[in-house]
file input-v4.tsv (TSV, C-alpha atoms)
chain	number	residue	atom	x	y	z
A	264	MET	CA	31.91	-17.86	-17.44
A	265	ALA	CA	31.65	-15.06	-19.99
A	266	ASP	CA	31.33	-11.45	-18.82
A	267	ASN	CA	28.43	-9.20	-19.81
A	268	LYS	CA	30.30	-7.62	-22.71
A	269	SER	CA	30.84	-10.98	-24.40
A	270	LEU	CA	27.20	-12.01	-24.13
A	271	ASP	CA	25.35	-12.16	-27.43
A	272	PHE	CA	21.87	-11.11	-26.32
A	273	ASN	CA	20.34	-11.80	-29.72
A	274	ILE	CA	21.52	-15.41	-29.74
A	275	ILE	CA	20.34	-15.97	-26.17
A	276	ALA	CA	16.98	-14.41	-27.07
A	277	SER	CA	16.69	-16.64	-30.12
A	278	ASN	CA	17.54	-19.76	-28.09
A	279	CYS	CA	14.85	-18.81	-25.55
A	280	LEU	CA	12.29	-18.10	-28.29
A	281	ILE	CA	11.89	-14.51	-27.07
A	282	ALA	CA	9.50	-12.34	-29.12
A	283	THR	CA	8.03	-15.34	-30.94
A	284	ASP	CA	4.55	-16.82	-31.04
A	285	VAL	CA	5.60	-19.95	-29.15
A	286	ASP	CA	3.53	-20.86	-26.09
A	287	SER	CA	4.53	-18.74	-23.10
A	288	GLU	CA	4.96	-21.71	-20.75
A	289	LYS	CA	7.59	-23.22	-23.04
A	290	VAL	CA	9.46	-19.91	-23.18
A	291	ILE	CA	9.37	-19.56	-19.40
A	292	ASP	CA	10.83	-23.08	-19.04
A	293	LEU	CA	13.71	-22.00	-21.30
A	294	LEU	CA	14.20	-18.87	-19.21
A	295	LYS	CA	14.33	-20.92	-16.02
A	296	ALA	CA	17.19	-22.91	-17.52
A	297	LEU	CA	19.18	-19.68	-17.83
A	298	LEU	CA	19.20	-19.38	-14.04
A	299	LEU	CA	21.59	-22.35	-13.93
A	300	GLN	CA	23.82	-21.15	-16.76
A	301	TYR	CA	24.67	-17.54	-15.97
A	302	SER	CA	25.82	-15.43	-13.04
A	303	GLU	CA	23.53	-12.99	-11.28
A	304	MET	CA	24.94	-9.95	-13.08
A	305	GLN	CA	24.69	-11.70	-16.43
A	306	LEU	CA	21.09	-12.68	-15.77
A	307	ILE	CA	20.24	-9.08	-14.89
A	308	ALA	CA	21.73	-7.88	-18.18
A	309	ILE	CA	19.95	-10.60	-20.16
A	310	PHE	CA	16.57	-10.00	-18.56
A	311	ASN	CA	16.89	-6.22	-18.90
A	312	TYR	CA	17.42	-6.75	-22.62
A	313	PHE	CA	14.49	-9.15	-22.90
A	314	LEU	CA	12.16	-6.55	-21.36
A	315	LYS	CA	12.78	-4.35	-24.38
A	316	ILE	CA	11.87	-6.92	-27.04
A	317	GLU	CA	9.43	-9.43	-25.50
A	318	TYR	CA	5.70	-8.79	-25.94
A	319	ARG	CA	3.79	-11.63	-24.25
A	320	SER	CA	2.32	-10.63	-20.92
A	321	GLU	CA	3.01	-13.93	-19.14
A	322	VAL	CA	6.66	-13.95	-20.16
A	323	LEU	CA	7.17	-10.30	-19.23
A	324	CYS	CA	5.60	-10.88	-15.81
A	325	TRP	CA	7.98	-13.78	-15.16
A	326	ILE	CA	11.01	-11.70	-16.16
A	327	ILE	CA	9.94	-8.75	-13.99
A	328	LYS	CA	9.49	-11.00	-10.96
A	329	GLU	CA	12.98	-12.40	-11.47
A	330	LEU	CA	14.49	-8.93	-11.81
A	331	ASP	CA	12.67	-7.88	-8.66
A	332	LYS	CA	14.61	-10.56	-6.77
A	333	PHE	CA	17.92	-9.01	-7.85
A	334	ARG	CA	16.84	-5.38	-7.36
A	335	ASP	CA	19.69	-3.96	-9.39
A	336	SER	CA	19.69	-0.28	-10.37
A	337	SER	CA	20.39	-1.14	-14.01
A	338	SER	CA	16.81	-2.44	-14.27
A	339	LEU	CA	15.28	0.95	-13.55
A	340	ALA	CA	15.38	2.21	-17.15
A	341	PRO	CA	13.79	-0.84	-18.86
A	342	LEU	CA	11.20	-1.19	-16.09
A	343	THR	CA	10.30	2.50	-16.36
A	344	GLU	CA	10.03	2.35	-20.14
A	345	LEU	CA	7.70	-0.61	-19.88
A	346	LEU	CA	5.62	1.06	-17.17
A	347	LEU	CA	5.17	4.10	-19.41
A	348	MET	CA	4.79	1.97	-22.56
A	349	LYS	CA	7.35	4.36	-23.98
A	350	ASP	CA	8.75	4.15	-27.51
A	351	HIS	CA	8.30	0.43	-27.82
A	352	THR	CA	4.74	-0.86	-27.52
A	353	PRO	CA	5.77	-4.52	-27.57
A	354	ASN	CA	3.37	-5.76	-30.23
A	355	ALA	CA	0.70	-4.13	-32.34
A	356	ASN	CA	-1.57	-7.15	-31.85
A	357	TYR	CA	-2.09	-6.23	-28.19
A	358	ASP	CA	-3.56	-3.06	-26.74
A	359	ARG	CA	-2.41	-1.28	-23.58
A	360	GLU	CA	-4.96	-3.07	-21.41
A	361	TYR	CA	-3.27	-6.37	-22.24
A	362	TYR	CA	-0.20	-5.12	-20.38
A	363	THR	CA	-1.99	-3.99	-17.21
A	364	ASN	CA	-0.57	-6.76	-15.00
A	365	VAL	CA	2.87	-6.25	-16.52
A	366	ARG	CA	2.85	-2.55	-15.70
A	367	VAL	CA	1.53	-3.16	-12.18
A	368	LEU	CA	4.49	-5.45	-11.56
A	369	CYS	CA	6.80	-2.81	-13.05
A	370	ALA	CA	5.59	-0.23	-10.52
A	371	ARG	CA	6.16	-2.63	-7.64
A	372	ALA	CA	9.62	-3.62	-8.87
A	373	ILE	CA	10.53	0.04	-9.40
A	374	SER	CA	9.56	0.92	-5.83
A	375	ASN	CA	11.75	-1.89	-4.52
A	376	LEU	CA	14.76	-0.36	-6.26
A	377	LYS	CA	14.43	2.63	-3.91
A	378	ASN	CA	15.66	4.94	-6.65
A	379	HIS	CA	14.08	8.37	-6.41
A	380	GLU	CA	14.63	9.04	-10.11
A	381	SER	CA	11.51	6.94	-10.67
A	382	VAL	CA	9.18	9.39	-8.91
A	383	HIS	CA	8.35	11.38	-12.03
A	384	ALA	CA	7.28	8.28	-14.00
A	385	LEU	CA	5.13	7.01	-11.12
A	386	LEU	CA	3.49	10.41	-10.71
A	387	TYR	CA	2.84	10.61	-14.45
A	388	CYS	CA	0.83	7.38	-14.33
A	389	LEU	CA	-0.93	8.25	-11.07
A	390	ASN	CA	-2.06	11.65	-12.34
A	391	ASN	CA	-3.31	10.32	-15.68
A	392	LYS	CA	-7.04	9.80	-15.13
A	393	ASN	CA	-7.30	7.97	-18.43
A	394	GLU	CA	-4.91	5.34	-17.14
A	395	ASN	CA	-6.12	1.94	-15.89
A	396	TYR	CA	-7.01	2.28	-12.20
A	397	LYS	CA	-4.93	-0.79	-11.24
A	398	ILE	CA	-1.82	0.90	-12.60
A	399	ARG	CA	-2.65	4.14	-10.81
A	400	LEU	CA	-3.16	2.19	-7.57
A	401	SER	CA	0.18	0.43	-7.93
A	402	CYS	CA	1.91	3.76	-8.60
A	403	ALA	CA	0.38	5.33	-5.49
A	404	ASP	CA	1.56	2.34	-3.47
A	405	ALA	CA	5.01	2.60	-5.02
A	406	LEU	CA	5.27	6.30	-4.16
A	407	GLY	CA	4.44	5.51	-0.55
A	408	LYS	CA	7.15	2.85	-0.41
A	409	LEU	CA	9.69	5.20	-1.95
A	410	GLY	CA	8.90	7.86	0.64
A	411	ASP	CA	9.95	10.74	-1.61
A	412	LYS	CA	8.48	14.03	-0.40
A	413	TYR	CA	8.39	15.34	-3.97
A	414	ALA	CA	5.26	13.20	-4.40
A	415	VAL	CA	3.40	14.72	-1.45
A	416	ALA	CA	1.67	17.56	-3.31
A	417	SER	CA	0.27	15.26	-6.00
A	418	LEU	CA	-0.85	12.68	-3.44
A	419	ILE	CA	-2.63	15.40	-1.45
A	420	ASP	CA	-4.46	16.44	-4.62
A	421	VAL	CA	-5.55	12.85	-5.26
A	422	VAL	CA	-6.82	12.37	-1.70
A	423	GLY	CA	-8.86	15.57	-1.90
A	424	ASP	CA	-10.23	15.03	-5.41
A	425	GLU	CA	-13.95	14.37	-4.91
A	426	GLU	CA	-14.35	13.99	-8.67
A	427	GLU	CA	-11.95	11.06	-8.72
A	428	LYS	CA	-13.87	8.10	-10.15
A	429	SER	CA	-12.08	5.49	-8.05
A	430	VAL	CA	-12.25	5.90	-4.29
A	431	TYR	CA	-9.63	3.13	-4.10
A	432	ILE	CA	-7.06	5.44	-5.64
A	433	ARG	CA	-7.80	8.07	-3.00
A	434	GLU	CA	-7.36	5.37	-0.35
A	435	SER	CA	-3.98	4.34	-1.75
A	436	ALA	CA	-2.88	7.97	-1.88
A	437	ALA	CA	-3.87	8.40	1.78
A	438	VAL	CA	-1.84	5.33	2.74
A	439	ALA	CA	1.13	6.68	0.76
A	440	LEU	CA	0.95	10.00	2.59
A	441	GLY	CA	1.04	8.18	5.90
A	442	LEU	CA	4.10	6.22	4.81
A	443	ILE	CA	5.93	9.32	3.58
A	444	GLY	CA	5.20	11.10	6.85
A	445	ASP	CA	5.12	14.70	5.64
A	446	MET	CA	3.09	17.01	7.89
A	447	ARG	CA	1.74	18.87	4.84
A	448	ALA	CA	-0.68	15.95	4.45
A	449	VAL	CA	-2.53	16.62	7.71
A	450	ASP	CA	-5.10	19.09	6.38
A	451	SER	CA	-6.08	16.92	3.41
A	452	LEU	CA	-6.50	13.85	5.62
A	453	VAL	CA	-8.54	15.77	8.16
A	454	ARG	CA	-10.82	17.06	5.39
A	455	VAL	CA	-11.62	13.46	4.47
A	456	LEU	CA	-12.85	12.89	8.02
A	457	GLU	CA	-14.77	16.15	8.12
A	458	ASN	CA	-16.51	15.55	4.80
A	459	GLN	CA	-20.05	14.33	5.33
A	460	ASN	CA	-19.82	12.22	2.20
A	461	GLY	CA	-17.77	9.89	4.34
A	462	ILE	CA	-20.99	8.53	5.80
A	463	MET	CA	-21.63	6.77	2.51
A	464	ASP	CA	-20.50	3.13	2.53
A	465	LYS	CA	-18.09	3.51	-0.37
A	466	PHE	CA	-16.14	6.18	1.52
A	467	THR	CA	-15.82	4.25	4.77
A	468	TYR	CA	-12.54	2.62	3.84
A	469	LEU	CA	-11.15	5.98	2.71
A	470	LYS	CA	-11.87	7.36	6.16
A	471	GLU	CA	-10.18	4.35	7.74
A	472	LYS	CA	-7.06	4.92	5.66
A	473	ALA	CA	-7.07	8.64	6.41
A	474	ILE	CA	-7.18	7.86	10.13
A	475	GLU	CA	-4.36	5.33	9.81
A	476	ALA	CA	-2.28	7.91	7.96
A	477	LEU	CA	-2.93	10.54	10.64
A	478	CYS	CA	-1.90	7.99	13.24
A	479	ARG	CA	1.42	7.53	11.44
A	480	LEU	CA	1.92	11.27	11.25
A	481	SER	CA	0.98	11.72	14.93
A	482	PRO	CA	0.27	15.43	14.44
A	483	ASN	CA	0.07	17.64	17.50
A	484	ASN	CA	-2.79	19.39	15.78
A	485	ASP	CA	-6.10	20.52	17.28
A	486	ARG	CA	-7.99	20.14	14.01
A	487	ALA	CA	-6.76	16.58	13.57
A	488	PHE	CA	-7.64	15.77	17.17
A	489	ASN	CA	-11.17	17.14	16.74
A	490	ALA	CA	-11.64	15.24	13.50
A	491	LEU	CA	-10.63	11.99	15.21
A	492	LYS	CA	-12.88	12.85	18.13
A	493	ASN	CA	-15.86	13.32	15.81
A	494	SER	CA	-15.03	10.07	14.02
A	495	LEU	CA	-15.80	8.22	17.23
A	496	ASN	CA	-19.44	8.85	16.29
A	497	ASP	CA	-19.12	7.44	12.79
A	498	GLU	CA	-21.75	4.87	11.87
A	499	ASN	CA	-19.09	2.37	10.81
A	500	PRO	CA	-17.53	0.40	13.70
A	501	GLN	CA	-14.16	0.03	11.97
A	502	VAL	CA	-13.86	3.79	11.61
A	503	ARG	CA	-14.54	4.12	15.33
A	504	ILE	CA	-11.91	1.46	16.09
A	505	ASN	CA	-9.33	3.22	13.94
A	506	SER	CA	-10.13	6.50	15.67
A	507	ILE	CA	-9.54	4.89	19.06
A	508	GLU	CA	-6.13	3.64	17.91
A	509	ALA	CA	-5.20	7.06	16.55
A	510	LEU	CA	-6.32	8.93	19.67
A	511	MET	CA	-4.19	6.58	21.73
A	512	GLU	CA	-1.13	8.30	20.21
A	513	TYR	CA	-2.04	11.59	21.85
A	514	GLU	CA	-1.58	10.28	25.39
A	515	ASN	CA	-3.49	13.12	27.04
A	516	ASP	CA	-6.37	13.17	29.50
A	517	GLU	CA	-9.02	14.14	26.95
A	518	ALA	CA	-8.01	11.31	24.61
A	519	TYR	CA	-8.10	8.89	27.54
A	520	ASP	CA	-11.61	10.02	28.55
A	521	LEU	CA	-12.86	9.82	24.96
A	522	ILE	CA	-11.59	6.26	24.62
A	523	LYS	CA	-13.06	5.32	27.97
A	524	ASP	CA	-16.48	6.51	26.79
A	525	MET	CA	-16.18	4.00	23.93
A	526	LEU	CA	-16.46	1.18	26.48
A	527	LEU	CA	-20.19	1.95	26.25
A	528	ASP	CA	-20.29	1.69	22.45
A	529	GLU	CA	-23.03	-0.50	20.97
A	530	ASP	CA	-20.52	-2.58	19.00
A	531	GLU	CA	-18.66	-5.34	20.85
A	532	GLU	CA	-15.47	-5.05	18.77
A	533	VAL	CA	-15.32	-1.33	19.48
A	534	GLN	CA	-15.69	-2.08	23.20
A	535	LYS	CA	-12.85	-4.62	23.08
A	536	ASN	CA	-10.55	-2.23	21.27
A	537	ALA	CA	-11.32	0.48	23.80
A	538	VAL	CA	-10.32	-1.89	26.61
A	539	ILE	CA	-7.03	-2.70	24.86
A	540	ALA	CA	-6.30	0.97	24.19
A	541	LEU	CA	-6.97	1.96	27.79
A	542	TYR	CA	-4.69	-0.82	29.01
A	543	ASN	CA	-1.93	0.37	26.68
A	544	LEU	CA	-2.33	3.89	28.03
A	545	SER	CA	-2.58	3.21	31.77
A	546	GLY	CA	-1.90	-0.43	32.58
A	547	ASP	CA	-3.61	-2.86	34.96
A	548	ASN	CA	-5.57	-0.42	37.11
A	549	VAL	CA	-8.09	0.43	34.41
A	550	LEU	CA	-8.68	-3.27	33.73
A	551	LYS	CA	-9.51	-3.88	37.38
A	552	GLU	CA	-11.81	-0.86	37.34
A	553	ILE	CA	-13.65	-2.27	34.30
A	554	ILE	CA	-14.01	-5.70	35.88
A	555	ASN	CA	-15.35	-4.31	39.16
A	556	SER	CA	-17.75	-1.77	37.67
A	557	GLU	CA	-21.41	-2.52	36.95
A	558	LYS	CA	-21.28	0.20	34.31
A	559	TYR	CA	-19.52	-1.90	31.68
A	560	SER	CA	-20.66	-4.88	29.65
A	561	GLN	CA	-19.67	-8.49	30.10
A	562	ILE	CA	-17.71	-8.22	26.84
A	563	CYS	CA	-15.53	-5.47	28.34
A	564	LYS	CA	-15.03	-7.46	31.53
A	565	GLU	CA	-14.02	-10.60	29.65
A	566	GLU	CA	-11.56	-8.67	27.49
A	567	ALA	CA	-10.02	-7.09	30.59
A	568	GLN	CA	-9.79	-10.49	32.30
A	569	ASP	CA	-8.14	-12.05	29.24
A	570	ILE	CA	-5.49	-9.32	29.18
A	571	LEU	CA	-4.75	-9.78	32.87
A	572	LEU	CA	-4.58	-13.56	32.43
A	573	ASN	CA	-2.20	-13.32	29.49
A	574	GLU	CA	-0.09	-10.81	31.38
A	575	GLY	CA	0.13	-13.24	34.32
A	576	GLU	CA	1.21	-16.09	32.04
A	577	GLU	CA	3.98	-13.93	30.57
A	578	ASP	CA	5.25	-13.13	34.06
A	579	ASP	CA	5.43	-16.85	34.86
call {"tool": "encode", "arguments": {"input": "input-v4.tsv", "output": "C-alpha cells"}}
result
Amino acid sequence: MADNKSLDFNIIASNCLIATDVDSEKVIDLLKALLLQYSEMQLIAIFNYFLKIEYRSEVLCWIIKELDKFRDSSSLAPLTELLLMKDHTPNANYDREYYTNVRVLCARAISNLKNHESVHALLYCLNNKNENYKIRLSCADALGKLGDKYAVASLIDVVGDEEEKSVYIRESAAVALGLIGDMRAVDSLVRVLENQNGIMDKFTYLKEKAIEALCRLSPNNDRAFNALKNSLNDENPQVRINSIEALMEYENDEAYDLIKDMLLDEDEEVQKNAVIALYNLSGDNVLKEIINSEKYSQICKEEAQDILLNEGEEDD
C-alpha cells in the first residue's frame, strides 16, 4: 500500500471524476470504492484534497461526512476554508446559498475535531448578520460543543441582541452558553427571562433555552433565582416546567415550597412535573402526602402512585 507522499491526488481525482459535470451519484459511487482501496490515513489525505477542488454540493457533503468519521486534525484547514468560502469559491456557476448545507456540515465536523483554533472562524460566521441563518445556527452549536470560553462574550451579545432577526440564533447561543458553563453568562440569560417580550409566542422557546442554560450553570445567584421564580407564572406551560426543573437544583426550602405550589397549576403536565421534582428532592413522604391530601388533583395523585409503584418494582 502506497504512503501519502506517493499518492498522485490529481490522478485519483481524475479517476473519481472530481470537479467534473458528471452526475453526483456516479461520483459518490466512485468515492465509495476508494474506501476499499486505501488506508484510513490515505483516505483522509485524499478527501482533504478533494475538498479544495470539488464544487458539487452533494459530493462535498458526502466527503465531509466521511471525514467526520475519521476526525483527524489535518482536516481542520480544508474544512475551515470551505466554511468561510475562502479563496476558492468552488465554481462560479453556483452562489454561496448553494453551499449552505455543505457549510453547515463543515461547522459540525469542525466542532467534532475539538480543536480550539477553529473558534475564530466559527465566531466570524456567527457574528456576520448577512450570513445564512442556518450557518450561523450551526456555528453557535459548534461553539457550544467546543466549550471554548473565548466565545462567551460574543454568545452573550447574540443572546441579548433584541434586534437579531432570527430568534433561533439567540436560542442556539443560549444553549451554547449553558454547554460552555461560564458564569459570565448568568446576567444575559436572566435578562431573557425578565424581558416582557418573552410573553410573545416566538420568544417562548428562547426562554426555555435560557432556563435550561441557567440550570446547567446552577448559579448561586439571587437574581437568577428570582427570575426562575417569576417564570413559574409564565403563560407557557413548558416554560413553567423548565423553571421547576431549574429550581430543583437549588435544593433549598423556598425552592421546594415554590415547586409544591405548582401542584395546583392549571396544566396537568406542569402538575406531573412538580410531583416528580418534589419526589427527587424529598423522596417518598411527599408522594404519600399528595395521595392522602384532598388539596391535590387526581392527576397529581396518579403520578405519585405511579412513582411509588415503579419504585416498588425496582426493589423487587
call {"tool": "atom_distance", "arguments": {"input": "input-v4.tsv", "atom1": "atom CA of Ile316 of chain A", "atom2": "atom CA of Ile281 of chain A"}}
result
7.6 Å
call {"tool": "closest_residue", "arguments": {"input": "input-v4.tsv", "among": "A:Leu347, A:Leu495, A:Ser560, A:Met446", "to": "Asn391 of chain A", "atoms": "only C-alpha atoms"}}
result
A:Leu347
call {"tool": "closest_residue", "arguments": {"input": "input-v4.tsv", "among": "A:Ser451, A:Ser556, A:Gln300, A:Asn573", "to": "Val415 of chain A", "atoms": "all atoms listed in the file"}}
result
A:Ser451
call {"tool": "residues_around", "arguments": {"input": "input-v4.tsv", "residues": "segment 470-478 of chain A", "least_positions_apart": "6", "cutoff": "10 Å", "atoms": "all atoms listed in the file", "output": "PyMOL selection string"}}
result
chain A and resi 422+433-444+446+448-458+461-462+487-488+490-491+494+497+499+501-513
call {"tool": "atom_distance", "arguments": {"input": "input-v4.tsv", "atom1": "atom CA of Asn393 of chain A", "atom2": "atom CA of Phe313 of chain A"}}
result
28.1 Å
call {"tool": "closest_residue", "arguments": {"input": "input-v4.tsv", "among": "A:Leu400, A:Leu314, A:Ile554, A:Val382", "to": "Lys412 of chain A", "atoms": "only C-alpha atoms"}}
result
A:Val382
call {"tool": "closest_residue", "arguments": {"input": "input-v4.tsv", "among": "A:Arg319, A:Ile307, A:Glu427, A:Glu531", "to": "Val285 of chain A", "atoms": "only C-alpha atoms"}}
result
A:Arg319
call {"tool": "residues_around", "arguments": {"input": "input-v4.tsv", "residues": "Glu360 of chain A", "least_positions_apart": "3", "cutoff": "12 Å", "atoms": "all atoms listed in the file", "output": "PyMOL selection string"}}
result
chain A and resi 320+348+352+356-357+363-367+393-398
call {"tool": "atom_distance", "arguments": {"input": "input-v4.tsv", "atom1": "atom CA of Ile327 of chain A", "atom2": "atom CA of Tyr431 of chain A"}}
result
24.9 Å
